[in-house]
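Structure below is final_20.cif: mmCIF, C-alpha atoms.
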data_data
loop_
_atom_site.label_atom_id
_atom_site.label_comp_id
_atom_site.auth_asym_id
_atom_site.auth_seq_id
_atom_site.Cartn_x
_atom_site.Cartn_y
_atom_site.Cartn_z
CA MET I 5 34.74 1.08 25.26
CA SER I 6 31.17 -0.18 24.95
CA VAL I 7 29.92 3.25 26.05
CA ILE I 8 31.84 4.92 23.21
CA ARG I 9 30.59 2.33 20.73
CA GLY I 10 27.02 2.87 21.92
CA ALA I 11 27.33 6.63 21.56
CA ARG I 12 28.69 6.27 18.04
CA GLU I 13 25.86 3.93 17.09
CA ARG I 14 23.27 6.35 18.46
CA ALA I 15 24.90 9.18 16.54
CA ARG I 16 24.87 7.11 13.35
CA ILE I 17 21.18 6.32 13.81
CA GLU I 18 20.38 10.00 14.35
CA VAL I 19 22.37 11.14 11.30
CA THR I 20 20.83 8.41 9.14
CA ALA I 21 17.34 9.52 10.22
CA ALA I 22 18.19 13.15 9.44
CA ILE I 23 19.46 12.21 5.98
CA LYS I 24 16.27 10.27 5.22
CA GLU I 25 14.07 13.08 6.49
CA GLU I 26 15.81 15.64 4.28
CA ALA I 27 15.60 13.23 1.34
CA ARG I 28 11.85 12.89 1.90
CA ARG I 29 11.54 16.67 1.94
CA GLN I 30 13.33 16.77 -1.41
CA LEU I 31 11.05 14.05 -2.76
CA ALA I 32 8.08 16.25 -1.93
CA ALA I 33 9.66 19.34 -3.46
CA GLU I 34 11.52 17.97 -6.47
CA GLY I 35 10.44 14.36 -7.08
CA ALA I 36 12.47 11.17 -6.85
CA ALA I 37 14.20 11.65 -10.21
CA ARG I 38 15.92 14.81 -8.94
CA LEU I 39 17.02 13.46 -5.57
CA SER I 40 20.67 14.42 -5.05
CA LEU I 41 23.09 13.33 -2.35
CA ARG I 42 24.98 16.58 -2.72
CA ALA I 43 21.81 18.58 -2.20
CA VAL I 44 20.91 16.52 0.87
CA ALA I 45 24.41 17.02 2.29
CA ARG I 46 24.27 20.75 1.61
CA GLU I 47 20.93 21.17 3.39
CA LEU I 48 22.23 19.25 6.41
CA GLY I 49 25.48 21.19 6.55
CA MET I 50 27.53 18.09 5.75
CA VAL I 51 30.29 17.58 3.24
CA SER I 52 29.39 15.07 0.54
CA SER I 53 32.17 12.70 1.53
CA ALA I 54 30.68 12.41 5.03
CA LEU I 55 27.22 11.58 3.67
CA TYR I 56 28.68 8.89 1.41
CA ARG I 57 29.71 6.99 4.53
CA TYR I 58 26.01 6.52 5.26
CA PHE I 59 24.71 6.08 1.72
CA PRO I 60 27.37 5.33 -0.93
CA SER I 61 25.08 6.36 -3.80
CA ARG I 62 21.78 7.97 -4.63
CA ASP I 63 20.36 4.53 -5.37
CA ASP I 64 21.30 3.32 -1.89
CA LEU I 65 19.40 6.25 -0.38
CA LEU I 66 16.43 5.65 -2.68
CA THR I 67 16.38 1.98 -1.68
CA ALA I 68 16.33 2.92 2.01
CA LEU I 69 13.41 5.31 1.42
CA ILE I 70 11.54 2.70 -0.63
CA ILE I 71 11.98 0.04 2.03
CA ASP I 72 10.81 2.47 4.72
CA ALA I 73 7.71 3.33 2.68
CA TYR I 74 6.82 -0.29 1.97
CA ASP I 75 7.37 -1.17 5.62
CA ALA I 76 5.17 1.73 6.74
CA ILE I 77 2.19 0.89 4.54
CA GLY I 78 2.71 -2.80 5.35
CA ALA I 79 2.70 -2.08 9.07
CA ALA I 80 -0.48 -0.02 8.70
CA ALA I 81 -2.16 -2.96 6.94
CA GLU I 82 -0.93 -5.48 9.51
CA ASP I 83 -2.00 -3.32 12.46
CA ALA I 84 -5.47 -2.89 10.96
CA LEU I 85 -5.76 -6.65 10.48
CA ALA I 86 -4.62 -7.38 14.03
CA SER I 87 -7.16 -4.92 15.41
CA ALA I 88 -9.97 -6.40 13.29
CA VAL I 89 -9.07 -9.93 14.41
CA GLU I 90 -9.03 -8.82 18.04
CA GLN I 91 -12.51 -7.35 17.60
CA GLY I 92 -13.77 -10.61 16.11
CA ALA I 93 -14.54 -9.05 12.73
CA ALA I 94 -15.74 -11.28 9.90
CA PRO I 95 -13.29 -12.00 7.04
CA ALA I 96 -14.81 -9.44 4.69
CA ASP I 97 -14.58 -6.74 7.36
CA ARG I 98 -10.96 -7.65 8.06
CA TRP I 99 -10.30 -7.20 4.35
CA VAL I 100 -12.00 -3.79 4.31
CA ALA I 101 -10.03 -2.72 7.39
CA ILE I 102 -6.75 -3.48 5.60
CA CYS I 103 -7.85 -1.59 2.50
CA ARG I 104 -8.94 1.40 4.59
CA ALA I 105 -5.63 1.51 6.46
CA ALA I 106 -3.59 1.31 3.25
CA GLY I 107 -5.65 4.10 1.70
CA GLU I 108 -5.35 6.32 4.76
CA TRP I 109 -1.58 5.85 4.90
CA ALA I 110 -1.25 6.70 1.20
CA VAL I 111 -3.30 9.90 1.53
CA ALA I 112 -1.27 10.95 4.58
CA HIS I 113 2.07 10.21 2.82
CA PRO I 114 1.47 10.97 -0.88
CA HIS I 115 5.10 11.49 -1.87
CA GLU I 116 6.28 8.30 -0.21
CA TYR I 117 3.36 6.46 -1.80
CA ALA I 118 4.34 7.91 -5.19
CA LEU I 119 7.87 6.60 -4.65
CA ILE I 120 6.63 3.00 -4.40
CA TYR I 121 3.48 3.01 -6.54
CA GLY I 122 4.09 5.91 -8.91
CA SER I 123 6.21 6.15 -12.04
CA PRO I 124 9.56 4.30 -11.95
CA VAL I 125 12.58 6.45 -11.15
CA PRO I 126 14.72 6.78 -14.31
CA GLY I 127 17.96 4.84 -14.03
CA TYR I 128 17.00 3.09 -10.80
CA THR I 129 16.48 -0.67 -10.43
CA ALA I 130 15.12 -1.88 -7.10
CA PRO I 131 17.29 -4.55 -5.46
CA LEU I 132 16.02 -7.79 -3.95
CA ASP I 133 16.04 -6.13 -0.52
CA THR I 134 12.79 -4.40 -1.42
CA ILE I 135 10.80 -7.59 -2.13
CA GLY I 136 10.01 -8.53 1.46
CA PRO I 137 8.82 -5.07 2.52
CA ALA I 138 6.87 -4.68 -0.74
CA SER I 139 4.95 -7.89 -0.01
CA ARG I 140 3.68 -6.99 3.46
CA ALA I 141 0.41 -5.27 2.54
CA ALA I 142 -0.47 -7.90 -0.07
CA LEU I 143 0.34 -10.73 2.34
CA ALA I 144 -2.01 -9.21 4.90
CA LEU I 145 -4.80 -9.52 2.32
CA PHE I 146 -3.69 -13.06 1.48
CA SER I 147 -3.80 -14.02 5.16
CA VAL I 148 -7.45 -12.97 5.45
CA VAL I 149 -8.37 -15.21 2.54
CA ARG I 150 -6.24 -18.10 3.79
CA ASP I 151 -7.85 -17.93 7.24
CA ALA I 152 -11.33 -17.82 5.70
CA HIS I 153 -10.48 -20.85 3.56
CA ARG I 154 -9.18 -22.74 6.61
CA ASP I 155 -12.36 -21.95 8.53
CA GLY I 156 -14.68 -22.98 5.68
CA LEU I 157 -15.86 -19.41 5.08
CA LEU I 158 -14.48 -18.91 1.58
CA THR I 159 -16.62 -19.35 -1.52
CA GLN I 160 -15.48 -19.76 -5.11
CA PRO I 161 -14.86 -16.43 -6.86
CA PRO I 162 -17.48 -15.62 -9.48
CA GLY I 163 -16.70 -15.42 -13.17
CA ASN I 164 -15.73 -17.47 -16.17
CA PRO I 165 -13.10 -20.26 -16.11
CA LEU I 166 -9.52 -18.99 -16.19
CA ALA I 167 -7.74 -18.79 -19.52
CA ALA I 168 -4.80 -21.18 -19.68
CA PRO I 169 -2.04 -18.50 -19.42
CA VAL I 170 -3.79 -16.88 -16.44
CA ARG I 171 -4.21 -20.26 -14.75
CA ALA I 172 -0.50 -20.95 -15.25
CA ASP I 173 0.46 -17.64 -13.61
CA ALA I 174 -1.98 -18.20 -10.76
CA ALA I 175 -0.74 -21.75 -10.20
CA ARG I 176 2.84 -20.52 -9.96
CA LEU I 177 1.87 -17.82 -7.45
CA ALA I 178 -0.23 -20.27 -5.47
CA ALA I 179 2.75 -22.62 -5.18
CA GLU I 180 4.97 -19.76 -3.99
CA LEU I 181 2.61 -17.85 -1.69
CA ALA I 182 -0.46 -19.88 -0.77
CA PRO I 183 -0.36 -23.56 -1.75
CA ASP I 184 -3.46 -24.14 0.38
CA LEU I 185 -5.63 -21.83 -1.75
CA PRO I 186 -7.44 -22.77 -4.98
CA VAL I 187 -5.76 -21.45 -8.10
CA ARG I 188 -8.92 -19.56 -9.08
CA THR I 189 -8.90 -17.78 -5.71
CA VAL I 190 -5.27 -16.75 -6.14
CA ALA I 191 -6.06 -15.25 -9.55
CA ALA I 192 -8.94 -13.29 -7.99
CA LEU I 193 -6.66 -12.13 -5.16
CA VAL I 194 -4.06 -10.75 -7.55
CA ALA I 195 -6.76 -8.93 -9.50
CA ALA I 196 -8.22 -7.49 -6.29
CA TRP I 197 -4.79 -6.38 -5.05
CA ALA I 198 -4.13 -4.54 -8.33
CA GLN I 199 -7.59 -2.94 -8.29
CA LEU I 200 -7.18 -1.79 -4.68
CA PHE I 201 -3.96 0.05 -5.37
CA GLY I 202 -5.41 1.43 -8.58
CA LEU I 203 -8.23 2.94 -6.51
CA ILE I 204 -5.78 4.33 -3.97
CA SER I 205 -3.62 5.78 -6.73
CA PHE I 206 -6.64 7.47 -8.29
CA GLU I 207 -7.20 9.31 -5.03
CA VAL I 208 -3.57 10.13 -4.29
CA PHE I 209 -2.79 11.34 -7.81
CA GLY I 210 -5.97 13.38 -8.23
CA GLN I 211 -7.95 11.36 -10.79
CA PHE I 212 -10.99 11.45 -8.50
CA ASN I 213 -11.07 15.27 -8.41
CA ARG I 214 -14.53 16.52 -9.40
CA VAL I 215 -15.66 12.89 -9.72
CA VAL I 216 -15.71 11.31 -6.25
CA GLU I 217 -15.95 13.51 -3.17
CA ALA I 218 -16.81 10.92 -0.49
CA ARG I 219 -13.52 9.17 -1.11
CA ARG I 220 -13.12 7.18 2.10
CA GLU I 221 -16.67 5.87 1.83
CA PHE I 222 -16.15 5.10 -1.85
CA LEU I 223 -12.96 3.17 -1.10
CA GLU I 224 -14.77 1.12 1.55
CA LEU I 225 -17.59 0.39 -0.90
CA ALA I 226 -15.10 -0.71 -3.53
CA ALA I 227 -13.10 -2.73 -0.98
CA ALA I 228 -16.25 -4.56 0.06
CA GLY I 229 -16.85 -5.37 -3.60
CA LEU I 230 -13.32 -6.74 -3.88
CA ALA I 231 -13.96 -8.88 -0.80
CA ARG I 232 -16.94 -10.45 -2.56
CA GLN I 233 -14.83 -10.82 -5.69
CA VAL I 234 -12.35 -13.09 -3.88
CA GLY I 235 -15.08 -15.10 -2.15
CA LEU I 236 -15.20 -13.49 1.32
CA GLY I 237 -18.88 -12.56 1.23
CA ALA I 238 -20.51 -9.30 2.29
CA ALA I 239 -18.86 -6.84 4.67
CA ALA I 240 -20.93 -5.47 7.53
CA SER I 241 -18.88 -2.27 7.41
CA ALA I 242 -20.32 -1.54 3.97
CA SER I 243 -23.99 -2.06 4.80
CA ALA I 244 -26.56 -1.31 2.13
CA ASP I 245 -28.10 2.15 1.91
CA THR I 246 -31.55 1.88 0.38
CA SER I 247 -31.34 5.47 -0.84
CA ASP I 248 -29.22 4.21 -3.74
CA ASP I 249 -32.41 2.70 -5.16
CA ILE I 250 -33.95 6.15 -5.66
CA PRO I 251 -33.62 7.40 -9.26
CA ALA I 252 -31.38 10.40 -9.84
CA ASP I 253 -34.36 12.53 -10.90
CA ALA I 254 -36.34 11.85 -7.72
CA SER I 255 -37.37 14.86 -5.67
CA ALA I 256 -34.59 15.96 -3.32
CA THR I 257 -37.06 17.60 -0.94
CA ASP I 258 -39.76 15.02 -0.19
CA GLY I 259 -38.26 11.75 -1.46
CA VAL I 260 -41.46 10.97 -3.42
CA LEU I 261 -40.85 9.06 -6.61
CA PRO I 262 -42.17 10.76 -9.76
CA ALA I 263 -45.38 9.42 -11.24
CA LYS I 264 -44.96 7.03 -14.13
#

Written as structure tokens, how would this file's structure read?
Amino acid sequence: MSVIRGARERARIEVTAAIKEEARRQLAAEGAARLSLRAVARELGMVSSALYRYFPSRDDLLTALIIDAYDAIGAAAEDALASAVEQGAAPADRWVAICRAAGEWAVAHPHEYALIYGSPVPGYTAPLDTIGPASRAALALFSVVRDAHRDGLLTQPPGNPLAAPVRADAARLAAELAPDLPVRTVAALVAAWAQLFGLISFEVFGQFNRVVEARREFLELAAAGLARQVGLGAAASASADTSDDIPADASATDGVLPAK
């Protein structure tokens, strides 16, 4: 009996994976708003009633795809952090490693990234099941800052004092996510998290076309700036290039500055 049950479970896992894969193909071709269970069933040679046993509604299928996408980018961030820690990287370089991994995953999976960080799907409301997976990448960034704070390596973020409403929001988040961190640091972390995914979205959705060509290097430069913004200091992985001190009208052939 257990053999039959095991075979059925394996079959269910395989069919579920096939349904998700076809749904992802439709996401790429049609977009999330046009995802259809009937179309998925038709492409897989299934009757709709059979597919409904796996996903009772389109929203259930969307939720499964969203959770998978959040888990995937979260795992990429966590793996990058673990590797950086193993290599003994400084806090700022751990931060940059996470940002790099998140950006690389997004570029490699643009349609799945669009599902979680693009425009909301009309008529769909994400359930609470998505909150944990959605937090993984952000919590990896938080953990870098918390470890730096514990080890005495975190400085106060630069800038003006927080406005009262911002301080209230940051205090609430600090109590929920990182009670050991200063409220000002939590506010800087939230800002950095939003800026990071704004940068990634600019690349994935094409806003950098004809503007930034060295996109990986630019993301690392920006990520290093965000590390400084939250008080982690300079990142060795984004070392200074003195050529950026040469004016734009300097000679491209001999590097000699023009006479003044």

>> Translate the PyMOL selection byres ((chain I and resi 105) around 12) into a concrete residue list for this structure, as number ranges by chain.
In response: I: 76-88, 98-104, 106-112, 141, 144-145, 200, 204, 220, 223-224, 227

> Near Phe59 in chain I, counting only C-alpha atoms, which residues have an atom at most 10 Å away, once you skip same-chain residues fewer than 6 positions from it, shown as a list of chain:residue names?
Replying inline: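 Residues meeting the cut-off are I:Thr20, I:Ile23, I:Leu41, I:Ser53, I:Leu65, I:Leu66, I:Thr67, I:Ala68.
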
> Taking the file as shown, what set of residues would the PyMOL selection byres ((chain I and resi 190-195) around 12) give back, as a ChimeraX atom specification?
Replying inline: /I:99,142-150,153,159-189,196-202,230-236

>> With 12 Å as the threshold, what does the neighbourhood of (-18.2, -11.7, 13.3) contain in terms of residues, counting only C-alpha atoms? Coordinates are those of the file; answer as a VMD selection string.
In response: chain I and resid 88 to 98 152 157 238 to 241

> CA of Arg28 in chain I to CA of Phe209 in chain I: how many Å, to one decimal?
Replying inline: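 Taking CA of Arg28 in chain I as the start and CA of Phe209 in chain I as the end point, the length is 17.6 Å.
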
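Note that the spacing between CA of Pro126 in chain I and CA of Phe212 in chain I amounts to 26.8 Å.
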
>> For a test of reading the model, state the distance in Å between CA of Ile120 in chain I and CA of Asp133 in chain I, rounded to one decimal.
In response: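 Spanning CA of Ile120 in chain I to CA of Asp133 in chain I is a straight-line distance of 13.7 Å.
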
>> For the provided coordinates, the residues matched by the PyMOL selection byres ((chain I and resi 125) around 12) should be stated as a PyMOL selection string.
In response: chain I and resi 31+35-39+62-63+66-67+70+118-124+126-130

Enclose all atoms of range 165-173 of chain I listed in the file in an axis-aligned box, grow every side by 5 Å, and hand back centre and edge lengths in Å to one decimal, as lines of an AutoDock Vina configuration file.
center_x = -6.3
center_y = -19.0
center_z = -16.6
size_x = 23.6
size_y = 14.3
size_z = 16.1
